[in-house]
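Undergrad: Sharing work_24.tsv here; it has TSV, C-alpha atoms.
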chain	number	residue	atom	x	y	z
A	1	MET	CA	-12.79	-34.48	17.64
A	2	GLU	CA	-11.66	-30.89	17.22
A	3	ASP	CA	-9.60	-29.48	20.10
A	4	MET	CA	-11.83	-26.48	20.86
A	5	SER	CA	-9.51	-25.14	23.56
A	6	GLY	CA	-6.76	-24.97	20.93
A	7	VAL	CA	-9.11	-23.20	18.51
A	8	ARG	CA	-10.08	-20.65	21.16
A	9	ARG	CA	-6.40	-20.09	21.94
A	10	ALA	CA	-5.77	-19.64	18.22
A	11	ARG	CA	-8.55	-17.04	18.11
A	12	TYR	CA	-6.87	-14.93	20.78
A	13	ALA	CA	-3.49	-15.38	19.10
A	14	VAL	CA	-4.69	-14.20	15.70
A	15	ALA	CA	-6.51	-11.31	17.41
A	16	ALA	CA	-3.15	-10.23	18.86
A	17	VAL	CA	-1.65	-10.41	15.35
A	18	PHE	CA	-4.46	-8.18	14.07
A	19	ALA	CA	-3.68	-5.67	16.83
A	20	VAL	CA	0.02	-5.69	15.95
A	21	HIS	CA	-0.81	-5.15	12.27
A	22	GLY	CA	-3.02	-2.19	13.16
A	23	ALA	CA	-0.40	-0.71	15.48
A	24	VAL	CA	2.08	-0.48	12.59
A	25	THR	CA	-0.45	1.44	10.51
A	26	GLY	CA	-1.31	3.78	13.39
A	27	SER	CA	2.37	4.43	14.12
A	28	PHE	CA	3.12	5.31	10.50
A	29	ALA	CA	0.10	7.60	10.02
A	30	THR	CA	1.12	9.94	12.83
A	31	ARG	CA	4.59	10.57	11.39
A	32	VAL	CA	3.68	11.33	7.78
A	33	PRO	CA	4.42	15.07	8.28
A	34	TRP	CA	7.93	14.18	9.54
A	35	ILE	CA	8.48	11.90	6.54
A	36	GLN	CA	7.28	14.67	4.21
A	37	ASP	CA	9.74	17.16	5.69
A	38	HIS	CA	12.60	14.65	5.74
A	39	ALA	CA	12.13	13.87	2.03
A	40	SER	CA	11.48	17.57	1.17
A	41	LEU	CA	8.22	16.88	-0.63
A	42	GLY	CA	5.20	19.00	-1.41
A	43	ALA	CA	1.67	17.74	-0.91
A	44	GLY	CA	1.29	16.49	-4.49
A	45	ARG	CA	4.55	14.54	-4.54
A	46	LEU	CA	3.80	13.10	-1.09
A	47	GLY	CA	0.41	11.90	-2.32
A	48	PHE	CA	2.10	10.29	-5.32
A	49	ALA	CA	4.52	8.43	-3.03
A	50	LEU	CA	1.77	7.27	-0.68
A	51	ALA	CA	-0.11	5.77	-3.64
A	52	PHE	CA	2.68	3.21	-3.94
A	53	THR	CA	1.44	1.65	-0.69
A	54	ALA	CA	-1.75	0.41	-2.34
A	55	LEU	CA	0.15	-0.51	-5.50
A	56	GLY	CA	2.58	-2.69	-3.55
A	57	ALA	CA	-0.24	-4.33	-1.62
A	58	SER	CA	-2.24	-5.08	-4.76
A	59	CYS	CA	0.77	-6.64	-6.48
A	60	ALA	CA	1.87	-8.79	-3.52
A	61	MET	CA	-1.39	-9.97	-1.94
A	62	PRO	CA	-1.92	-12.84	-4.41
A	63	LEU	CA	1.43	-14.29	-3.26
A	64	ALA	CA	0.21	-14.87	0.30
A	65	GLY	CA	-1.67	-18.06	-0.55
A	66	ARG	CA	1.35	-19.61	-2.24
A	67	ILE	CA	3.60	-18.69	0.71
A	68	SER	CA	1.15	-20.30	3.15
A	69	HIS	CA	1.02	-23.41	0.99
A	70	ARG	CA	4.81	-23.63	0.87
A	71	PHE	CA	5.59	-23.03	4.55
A	72	GLY	CA	2.32	-23.78	6.37
A	73	SER	CA	-0.02	-21.15	7.77
A	74	ARG	CA	1.80	-20.60	11.08
A	75	ASN	CA	5.32	-20.16	9.68
A	76	ALA	CA	3.98	-18.07	6.80
A	77	LEU	CA	2.17	-15.69	9.12
A	78	ARG	CA	5.18	-15.51	11.45
A	79	GLY	CA	7.46	-14.49	8.61
A	80	LEU	CA	4.99	-12.11	6.94
A	81	ILE	CA	4.06	-10.27	10.15
A	82	ALA	CA	7.78	-9.83	10.92
A	83	LEU	CA	8.37	-8.40	7.45
A	84	TRP	CA	5.45	-6.03	7.96
A	85	THR	CA	6.56	-4.75	11.36
A	86	LEU	CA	10.17	-4.31	10.22
A	87	SER	CA	9.11	-2.50	7.05
A	88	LEU	CA	7.84	0.33	9.26
A	89	VAL	CA	11.41	1.63	9.43
A	90	LEU	CA	11.82	2.02	5.65
A	91	PRO	CA	9.77	5.21	4.98
A	92	SER	CA	11.66	7.15	7.65
A	93	LEU	CA	14.99	6.39	5.90
A	94	ALA	CA	13.93	7.76	2.49
A	95	PRO	CA	15.65	11.09	1.69
A	96	ASN	CA	13.83	11.84	-1.59
A	97	LEU	CA	10.86	10.97	-3.78
A	98	PRO	CA	12.26	7.90	-5.64
A	99	THR	CA	13.47	6.21	-2.46
A	100	LEU	CA	10.21	7.00	-0.66
A	101	CYS	CA	8.20	5.48	-3.52
A	102	ALA	CA	10.31	2.32	-3.28
A	103	ALA	CA	9.93	2.25	0.50
A	104	MET	CA	6.16	2.69	0.30
A	105	PHE	CA	5.86	-0.04	-2.34
A	106	THR	CA	7.73	-2.47	-0.08
A	107	TYR	CA	5.78	-1.31	2.98
A	108	GLY	CA	2.48	-1.87	1.13
A	109	ALA	CA	3.55	-5.27	-0.21
A	110	CYS	CA	4.42	-6.51	3.29
A	111	ALA	CA	1.17	-5.08	4.66
A	112	GLY	CA	-0.93	-6.77	2.00
A	113	MET	CA	0.61	-10.23	2.31
A	114	ALA	CA	0.34	-10.23	6.11
A	115	ASP	CA	-3.23	-8.94	5.79
A	116	VAL	CA	-4.31	-11.84	3.57
A	117	ALA	CA	-2.54	-14.46	5.72
A	118	MET	CA	-4.06	-13.30	9.01
A	119	ASN	CA	-7.55	-12.90	7.52
A	120	ALA	CA	-7.39	-16.41	6.04
A	121	LEU	CA	-6.52	-17.78	9.49
A	122	GLY	CA	-9.28	-15.69	11.03
A	123	VAL	CA	-11.79	-17.22	8.61
A	124	GLU	CA	-10.53	-20.72	9.50
A	125	VAL	CA	-10.95	-20.00	13.22
A	126	GLU	CA	-14.47	-18.74	12.52
A	127	ARG	CA	-15.22	-21.91	10.53
A	128	ARG	CA	-14.10	-24.18	13.36
A	129	LEU	CA	-15.89	-22.23	16.08
A	130	GLY	CA	-19.09	-22.10	14.02
A	131	ARG	CA	-19.84	-18.47	14.84
A	132	SER	CA	-18.81	-15.00	13.70
A	133	VAL	CA	-15.47	-13.72	15.01
A	134	MET	CA	-14.15	-11.64	12.10
A	135	SER	CA	-15.72	-8.39	13.27
A	136	GLY	CA	-14.00	-8.70	16.64
A	137	LEU	CA	-10.68	-9.47	14.95
A	138	HIS	CA	-10.94	-6.31	12.88
A	139	GLY	CA	-11.95	-4.48	16.03
A	140	MET	CA	-8.61	-5.56	17.49
A	141	TRP	CA	-6.94	-4.12	14.39
A	142	SER	CA	-8.69	-0.80	15.02
A	143	ALA	CA	-7.69	-0.91	18.69
A	144	GLY	CA	-4.09	-1.57	17.70
A	145	ALA	CA	-4.20	1.33	15.26
A	146	LEU	CA	-5.47	3.62	18.03
A	147	VAL	CA	-2.66	2.52	20.37
A	148	GLY	CA	-0.06	2.97	17.64
A	149	SER	CA	-1.38	6.40	16.74
A	150	ALA	CA	-1.43	7.45	20.40
A	151	ALA	CA	2.22	6.45	20.81
A	152	GLY	CA	3.07	8.18	17.55
A	153	THR	CA	1.28	11.34	18.63
A	154	LEU	CA	3.32	11.37	21.84
A	155	ALA	CA	6.54	10.85	19.86
A	156	ALA	CA	5.65	13.70	17.51
A	157	HIS	CA	4.71	15.94	20.44
A	158	VAL	CA	8.14	15.56	22.05
A	159	GLY	CA	9.88	16.03	18.70
A	160	ALA	CA	11.33	12.52	18.48
A	161	ASP	CA	13.16	11.57	15.30
A	162	ALA	CA	10.86	9.22	13.35
A	163	ARG	CA	13.81	6.94	12.54
A	164	ILE	CA	14.33	6.28	16.23
A	165	HIS	CA	10.59	6.08	16.92
A	166	PHE	CA	10.00	3.58	14.10
A	167	LEU	CA	13.04	1.49	15.02
A	168	LEU	CA	11.83	1.09	18.62
A	169	ALA	CA	8.22	0.49	17.56
A	170	ALA	CA	9.29	-2.08	14.96
A	171	ALA	CA	11.42	-3.96	17.50
A	172	VAL	CA	8.61	-4.17	20.06
A	173	LEU	CA	5.90	-5.05	17.53
A	174	THR	CA	8.07	-7.67	15.82
A	175	VAL	CA	8.58	-9.49	19.11
A	176	LEU	CA	4.86	-9.30	19.95
A	177	GLY	CA	3.80	-10.42	16.48
A	178	VAL	CA	6.20	-13.36	16.25
A	179	LEU	CA	5.35	-14.56	19.75
A	180	SER	CA	1.61	-14.34	19.04
A	181	CYS	CA	2.04	-16.58	15.98
A	182	THR	CA	3.14	-19.42	18.27
A	183	TRP	CA	-0.51	-20.25	19.03
A	184	VAL	CA	-2.24	-19.60	15.69
A	185	LEU	CA	-3.57	-22.54	13.68
A	186	ASP	CA	-0.93	-24.44	11.72
A	187	ILE	CA	-2.68	-25.58	8.56
A	188	GLN	CA	-0.59	-27.77	6.29
A	189	PRO	CA	-1.59	-28.57	2.69
A	190	ALA	CA	-2.46	-32.13	1.74
A	191	ALA	CA	0.31	-34.10	0.05
A	192	ASP	CA	-1.50	-34.11	-3.31
A	193	GLU	CA	-2.74	-30.51	-3.10
A	194	GLU	CA	-1.60	-28.28	-5.96
A	195	PRO	CA	-0.02	-24.98	-4.90
A	196	PRO	CA	-2.07	-21.91	-5.79
A	197	PRO	CA	-0.84	-19.82	-8.72
A	198	ARG	CA	1.53	-16.95	-8.05
A	199	PHE	CA	-0.88	-14.54	-9.67
A	200	ALA	CA	-4.49	-15.20	-10.60
A	201	LEU	CA	-7.59	-13.19	-11.21
A	202	PRO	CA	-9.98	-13.32	-8.24
A	203	PRO	CA	-13.04	-15.53	-8.67
A	204	ARG	CA	-16.31	-13.91	-9.71
A	205	SER	CA	-17.75	-14.39	-6.21
A	206	ALA	CA	-14.87	-12.34	-4.78
A	207	LEU	CA	-15.54	-9.54	-7.27
A	208	LEU	CA	-19.16	-9.25	-6.15
A	209	ILE	CA	-18.26	-9.39	-2.48
A	210	GLY	CA	-15.42	-6.94	-3.08
A	211	MET	CA	-17.81	-4.35	-4.48
A	212	VAL	CA	-19.71	-4.33	-1.18
A	213	GLY	CA	-16.38	-3.81	0.59
A	214	PHE	CA	-15.54	-1.10	-1.94
A	215	CYS	CA	-18.59	0.94	-0.87
A	216	ALA	CA	-17.73	0.61	2.82
A	217	VAL	CA	-14.03	1.43	2.45
A	218	PHE	CA	-14.85	4.40	0.21
A	219	ALA	CA	-17.01	5.84	2.98
A	220	GLU	CA	-14.33	5.04	5.55
A	221	GLY	CA	-11.51	6.66	3.58
A	222	ALA	CA	-13.58	9.73	2.78
A	223	SER	CA	-14.63	10.20	6.40
A	224	LEU	CA	-11.16	9.65	7.87
A	225	ASP	CA	-9.41	12.05	5.49
A	226	TRP	CA	-12.10	14.68	4.98
A	227	SER	CA	-14.31	14.84	8.08
A	228	ALA	CA	-12.04	17.34	9.83
A	229	VAL	CA	-11.78	19.45	6.66
A	230	PHE	CA	-15.57	19.37	6.29
A	231	LEU	CA	-16.12	20.68	9.81
A	232	ARG	CA	-13.43	23.34	9.48
A	233	ASP	CA	-14.22	24.65	5.99
A	234	ARG	CA	-17.95	24.05	5.72
A	235	LEU	CA	-19.06	24.68	9.31
A	236	ASP	CA	-16.29	27.01	10.54
A	237	SER	CA	-15.33	24.70	13.42
A	238	SER	CA	-12.19	25.13	15.48
A	239	ALA	CA	-9.17	22.98	14.61
A	240	GLY	CA	-9.58	21.02	17.85
A	241	LEU	CA	-13.26	20.23	17.25
A	242	ALA	CA	-12.56	19.31	13.64
A	243	ALA	CA	-9.82	16.90	14.67
A	244	ALA	CA	-12.11	15.42	17.34
A	245	SER	CA	-14.59	14.42	14.64
A	246	THR	CA	-11.97	12.13	13.06
A	247	THR	CA	-11.05	10.61	16.41
A	248	ALA	CA	-14.72	10.04	17.22
A	249	PHE	CA	-15.22	8.32	13.87
A	250	MET	CA	-12.29	5.95	14.55
A	251	LEU	CA	-13.51	5.18	18.06
A	252	THR	CA	-17.03	4.46	16.81
A	253	MET	CA	-15.69	2.01	14.26
A	254	ALA	CA	-13.43	0.29	16.79
A	255	VAL	CA	-16.20	-0.19	19.36
A	256	ALA	CA	-18.73	-1.31	16.74
A	257	ARG	CA	-16.31	-3.93	15.39
A	258	ILE	CA	-15.50	-5.30	18.82
A	259	VAL	CA	-19.18	-5.83	19.67
A	260	GLY	CA	-20.21	-6.60	16.08
A	261	ASP	CA	-19.84	-10.37	16.32
A	262	ALA	CA	-22.69	-10.58	18.81
A	263	VAL	CA	-24.94	-8.71	16.37
A	264	VAL	CA	-23.88	-10.88	13.43
A	265	ASN	CA	-24.41	-14.09	15.40
A	266	ARG	CA	-27.90	-12.88	16.37
A	267	PHE	CA	-29.14	-11.46	13.06
A	268	GLY	CA	-26.82	-12.84	10.37
A	269	ALA	CA	-24.38	-11.16	8.01
A	270	VAL	CA	-26.90	-10.04	5.39
A	271	ARG	CA	-29.34	-8.34	7.75
A	272	THR	CA	-26.49	-6.77	9.71
A	273	VAL	CA	-24.97	-5.22	6.57
A	274	ARG	CA	-28.36	-4.04	5.32
A	275	ALA	CA	-29.07	-2.36	8.63
A	276	GLY	CA	-25.56	-0.90	8.60
A	277	GLY	CA	-26.16	0.45	5.11
A	278	VAL	CA	-29.30	2.22	6.31
A	279	LEU	CA	-27.37	3.75	9.24
A	280	ALA	CA	-24.58	4.85	6.90
A	281	VAL	CA	-27.06	6.50	4.52
A	282	LEU	CA	-28.76	8.30	7.41
A	283	GLY	CA	-25.36	9.45	8.64
A	284	GLY	CA	-24.40	10.69	5.18
A	285	LEU	CA	-27.66	12.62	4.86
A	286	LEU	CA	-27.06	14.16	8.29
A	287	VAL	CA	-23.60	15.30	7.19
A	288	VAL	CA	-24.87	16.73	3.91
A	289	LEU	CA	-27.73	18.60	5.60
A	290	ALA	CA	-25.80	19.63	8.75
A	291	GLY	CA	-25.83	23.27	9.70
A	292	GLN	CA	-23.99	22.80	12.99
A	293	PRO	CA	-20.78	20.92	13.88
A	294	VAL	CA	-22.55	18.65	16.37
A	295	ALA	CA	-24.96	17.41	13.70
A	296	ALA	CA	-22.11	16.69	11.28
A	297	MET	CA	-20.16	14.83	13.97
A	298	GLY	CA	-23.26	12.77	14.69
A	299	GLY	CA	-23.53	11.98	10.99
A	300	PHE	CA	-19.92	10.82	10.80
A	301	ALA	CA	-20.46	8.69	13.90
A	302	LEU	CA	-23.49	7.04	12.29
A	303	MET	CA	-21.50	6.33	9.15
A	304	GLY	CA	-18.75	4.76	11.22
A	305	LEU	CA	-21.30	2.62	13.04
A	306	GLY	CA	-22.93	1.56	9.78
A	307	ILE	CA	-19.80	0.51	7.89
A	308	ALA	CA	-17.75	-0.88	10.78
A	309	VAL	CA	-18.47	-4.59	10.30
A	310	VAL	CA	-18.81	-4.64	6.51
A	311	VAL	CA	-15.18	-5.32	5.58
A	312	PRO	CA	-14.74	-8.12	8.18
A	313	LEU	CA	-17.90	-9.76	6.86
A	314	CYS	CA	-16.66	-9.40	3.28
A	315	PHE	CA	-13.48	-11.26	4.17
A	316	ALA	CA	-15.51	-13.94	5.95
A	317	ALA	CA	-17.85	-14.32	2.97
A	318	ALA	CA	-14.89	-14.60	0.59
A	319	GLY	CA	-13.27	-17.24	2.77
A	320	HIS	CA	-16.46	-19.32	2.80
A	321	ALA	CA	-17.32	-18.81	-0.87
A	322	GLY	CA	-14.88	-21.17	-2.56
A	323	PRO	CA	-12.20	-23.83	-2.22
A	324	ASN	CA	-9.30	-21.35	-2.09
A	325	PRO	CA	-9.90	-18.85	0.75
A	326	SER	CA	-6.55	-17.07	0.36
A	327	GLN	CA	-7.16	-16.34	-3.32
A	328	ALA	CA	-10.69	-15.07	-2.69
A	329	ILE	CA	-9.60	-12.98	0.29
A	330	ALA	CA	-6.74	-11.53	-1.77
A	331	GLY	CA	-9.24	-10.54	-4.45
A	332	VAL	CA	-11.54	-8.81	-1.96
A	333	ALA	CA	-8.58	-7.14	-0.26
A	334	THR	CA	-7.29	-5.81	-3.58
A	335	ILE	CA	-10.64	-4.20	-4.37
A	336	THR	CA	-10.95	-2.65	-0.91
A	337	TYR	CA	-7.37	-1.36	-1.02
A	338	THR	CA	-8.16	0.25	-4.37
A	339	SER	CA	-11.21	1.92	-2.88
A	340	GLY	CA	-9.14	3.28	0.01
A	341	LEU	CA	-6.65	4.64	-2.52
A	342	ILE	CA	-9.07	6.47	-4.78
A	343	ALA	CA	-11.61	7.70	-2.21
A	344	PRO	CA	-9.62	10.60	-0.70
A	345	SER	CA	-8.47	11.94	-4.08
A	346	LEU	CA	-11.91	11.53	-5.70
A	347	ILE	CA	-13.57	13.35	-2.80
A	348	GLY	CA	-11.04	16.16	-3.20
A	349	GLY	CA	-11.61	16.34	-6.96
A	350	VAL	CA	-15.39	16.49	-6.61
A	351	ALA	CA	-15.04	19.12	-3.87
A	352	GLN	CA	-12.74	21.18	-6.08
A	353	ALA	CA	-15.25	21.08	-8.93
A	354	THR	CA	-18.36	21.53	-6.78
A	355	SER	CA	-18.30	21.41	-2.97
A	356	LEU	CA	-17.66	19.08	-0.05
A	357	VAL	CA	-21.42	18.76	0.38
A	358	VAL	CA	-21.65	17.21	-3.09
A	359	SER	CA	-18.66	15.00	-2.28
A	360	PHE	CA	-20.40	13.50	0.72
A	361	GLY	CA	-23.54	13.18	-1.38
A	362	VAL	CA	-21.48	10.76	-3.50
A	363	VAL	CA	-20.43	8.91	-0.33
A	364	THR	CA	-24.06	8.66	0.74
A	365	ALA	CA	-25.08	7.28	-2.66
A	366	LEU	CA	-22.40	4.60	-2.46
A	367	ALA	CA	-23.56	3.71	1.06
A	368	CYS	CA	-26.91	2.79	-0.48
A	369	GLY	CA	-25.05	-0.04	-2.19
A	370	LEU	CA	-24.50	-1.70	1.17
A	371	ALA	CA	-28.22	-2.08	1.77
A	372	VAL	CA	-28.99	-3.06	-1.83
A	373	CYS	CA	-26.14	-5.54	-2.41
A	374	ALA	CA	-25.84	-7.14	1.04
A	375	GLY	CA	-27.30	-10.38	-0.31
A	376	VAL	CA	-23.98	-11.33	-1.91
A	377	LEU	CA	-22.66	-11.99	1.61
A	378	ARG	CA	-25.11	-14.85	2.04
A	379	SER	CA	-22.28	-17.28	1.28
A	380	ALA	CA	-20.78	-16.47	4.68
A	381	GLU	CA	-24.00	-17.44	6.41
A	382	ARG	CA	-24.32	-20.63	4.38
A	383	GLY	CA	-20.71	-21.51	5.11
A	384	ALA	CA	-21.25	-21.01	8.82
A	385	GLU	CA	-24.42	-23.09	8.73
A	386	ARG	CA	-22.57	-25.94	7.03
A	387	GLU	CA	-19.87	-25.84	9.70
A	388	VAL	CA	-22.29	-26.21	12.60
A	389	SER	CA	-24.61	-28.75	10.97
A	390	PRO	CA	-24.46	-32.28	12.43
A	391	ARG	CA	-23.24	-33.76	9.17
A	392	ALA	CA	-20.46	-31.20	8.79
A	393	ALA	CA	-19.44	-31.58	12.41
A	394	ALA	CA	-18.83	-35.28	11.83
A	395	VAL	CA	-16.14	-34.49	9.24
A	396	PRO	CA	-12.99	-33.23	10.97
A	397	GLY	CA	-11.16	-30.33	9.35
A	398	PRO	CA	-7.39	-29.96	8.98
A	399	ARG	CA	-5.58	-30.29	12.28
A	400	PRO	CA	-3.68	-27.31	13.71
Take the structure from the file and write it as structure tokens.

TA:
Amino acid sequence: MEDMSGVRRARYAVAAVFAVHGAVTGSFATRVPWIQDHASLGAGRLGFALAFTALGASCAMPLAGRISHRFGSRNALRGLIALWTLSLVLPSLAPNLPTLCAAMFTYGACAGMADVAMNALGVEVERRLGRSVMSGLHGMWSAGALVGSAAGTLAAHVGADARIHFLLAAAVLTVLGVLSCTWVLDIQPAADEEPPPRFALPPRSALLIGMVGFCAVFAEGASLDWSAVFLRDRLDSSAGLAAASTTAFMLTMAVARIVGDAVVNRFGAVRTVRAGGVLAVLGGLLVVLAGQPVAAMGGFALMGLGIAVVVPLCFAAAGHAGPNPSQAIAGVATITYTSGLIAPSLIGGVAQATSLVVSFGVVTALACGLAVCAGVLRSAERGAEREVSPRAAAVPGPRP
């Protein structure tokens, strides 16, 4: 019989890893202005360098499955999360554009591989528990990002050198991440199991699921990067109120993800995403039609609420859809990373040609895709049903 106490312990351990992963991202985001000044870059060249983050992640994510196969899931995650936390230091050391591009490529590659490894373990925990936990895990990521950004904001406020800040943050987060991996599941491949390919195209099921994630991440990236600008330029809000809209959006997403598992377990992945799509569309319409800052902030909050659980459910669906969860998750992650890369620049381009109102009209149209295409996530529900059925329960899974 499955050791359920060990599985529950593994759930909390992988949740801590998610929080550590998010804390690195939050720490970095707050010091981008320092990095820009240190490397003497304008806005365009900085944007070019930051694009290497997604490029590195997209190139390296397919390797995560092979690394897990070679070293086992626990050792693989331990090594990859350590690489990710330590890579935080690299961008602060870059004195110019070429070195910053190289640093961001490495930073993104480490982020992507750790992302795939921890999501694959999260899916396995969900499979063994027989209920949704991925939303809560991603909620822990959001909580970690908020903590990291709060610490980074304090460091920036006191004028701390980002090299010192990142070195201290990396040391603390590396210790926390490595220690947390002690209790995650340790899945070892069967003796006759072929290692996954180093690089492979994602399966068709992952492409369909990834497009749902694409719509959600597009709305997320657009709201995070442009909500404050929308309030300031379109509605003449103060800088403080404009910034508060972004913080409120992040908090809404974090809270919704933490409580999202209860909703998914009650109503299922498909109905939850469809309802979320409706909320996101209503929020987008409220933003587009807003004449006052409060209305726009309410619209952004609704969008955050609507899209919060979509990406976790996409990873869960990918993990349940085929025989190679890491490969499918890597495919979905690549598509969502691409969406996060192009959303801010596309919104800016549309706004330059027309207006920010039209830009968020595009976001609202894409949010409709969540409600229309939610059915592709049905594989997650079927996978969960198989895991809790009496016949499936009689077949033990791999031992941690």

Undergrad: List the spatial neighbours of Tyr337 in chain A as a ChimeraX atom specification - criterion: any atom at most 12 Å away, all atoms listed in the file, same-chain residues fewer than 2 positions off excluded.

TA: /A:51-59,61,108-109,111-112,115-116,210-211,213-218,220-221,311,329-335,339-343

Undergrad: For range 365-379 of chain A, find every residue with an atom within 7 Å (counting only C-alpha atoms), except residues of its own chain fewer than 2 positions away, and show them as a list of chain:residue names.

TA: A:Leu208, A:Ile209, A:Val212, A:Cys215, A:Ala216, A:Ala269, A:Val270, A:Val273, A:Arg274, A:Ala275, A:Gly277, A:Val278, A:Ala280, A:Val281, A:Cys314, A:Ala317, A:His320, A:Ala321, A:Gly361, A:Val362, A:Val363, A:Glu381, A:Arg382, A:Gly383

Undergrad: Of the residues A:Pro312, A:Val7, A:Gly304, A:Val357, which is the one nearest to Ala248 in chain A, using only C-alpha atoms?

TA: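 Nearest candidate to Ala248 in chain A out of A:Pro312, A:Val7, A:Gly304, A:Val357: A:Gly304.
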
Undergrad: Do a neighbour search on Ala117 in chain A at 10 Å with all atoms listed in the file, toss out local chain neighbours closer than 5 positions, and write the hits as a PyMOL selection string.

TA: chain A and resi 61+63-65+67-68+73-74+76-78+80-81+112+122+325-326+329-330

Undergrad: Please report the interatomic distance between CA of Thr153 in chain A and CA of Trp141 in chain A in Å with one decimal.

TA: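 Here the two named atoms are 18.0 Å from each other.
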
Undergrad: CA of Ala256 in chain A and CA of Ala316 in chain A are how many Å apart?

TA: 16.9 Å

Undergrad: Work out how far CA of Gly348 in chain A is from CA of Ala219 in chain A, in Å to one decimal.

TA: 13.4 Å

Undergrad: With a distance cut-off of 6 Å and all atoms listed in the file, select the neighbouring residues of range 9-24 of chain A, excluding the residue or stretch itself and same-chain residues fewer than 4 positions from it, and output the selection as a list of chain:residue names.

TA: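 Everything that qualifies: A:Leu137, A:Met140, A:Trp141, A:Gly144, A:Ala145, A:Gly148, A:Gly177, A:Ser180, A:Trp183, A:Val184, A:Leu185.
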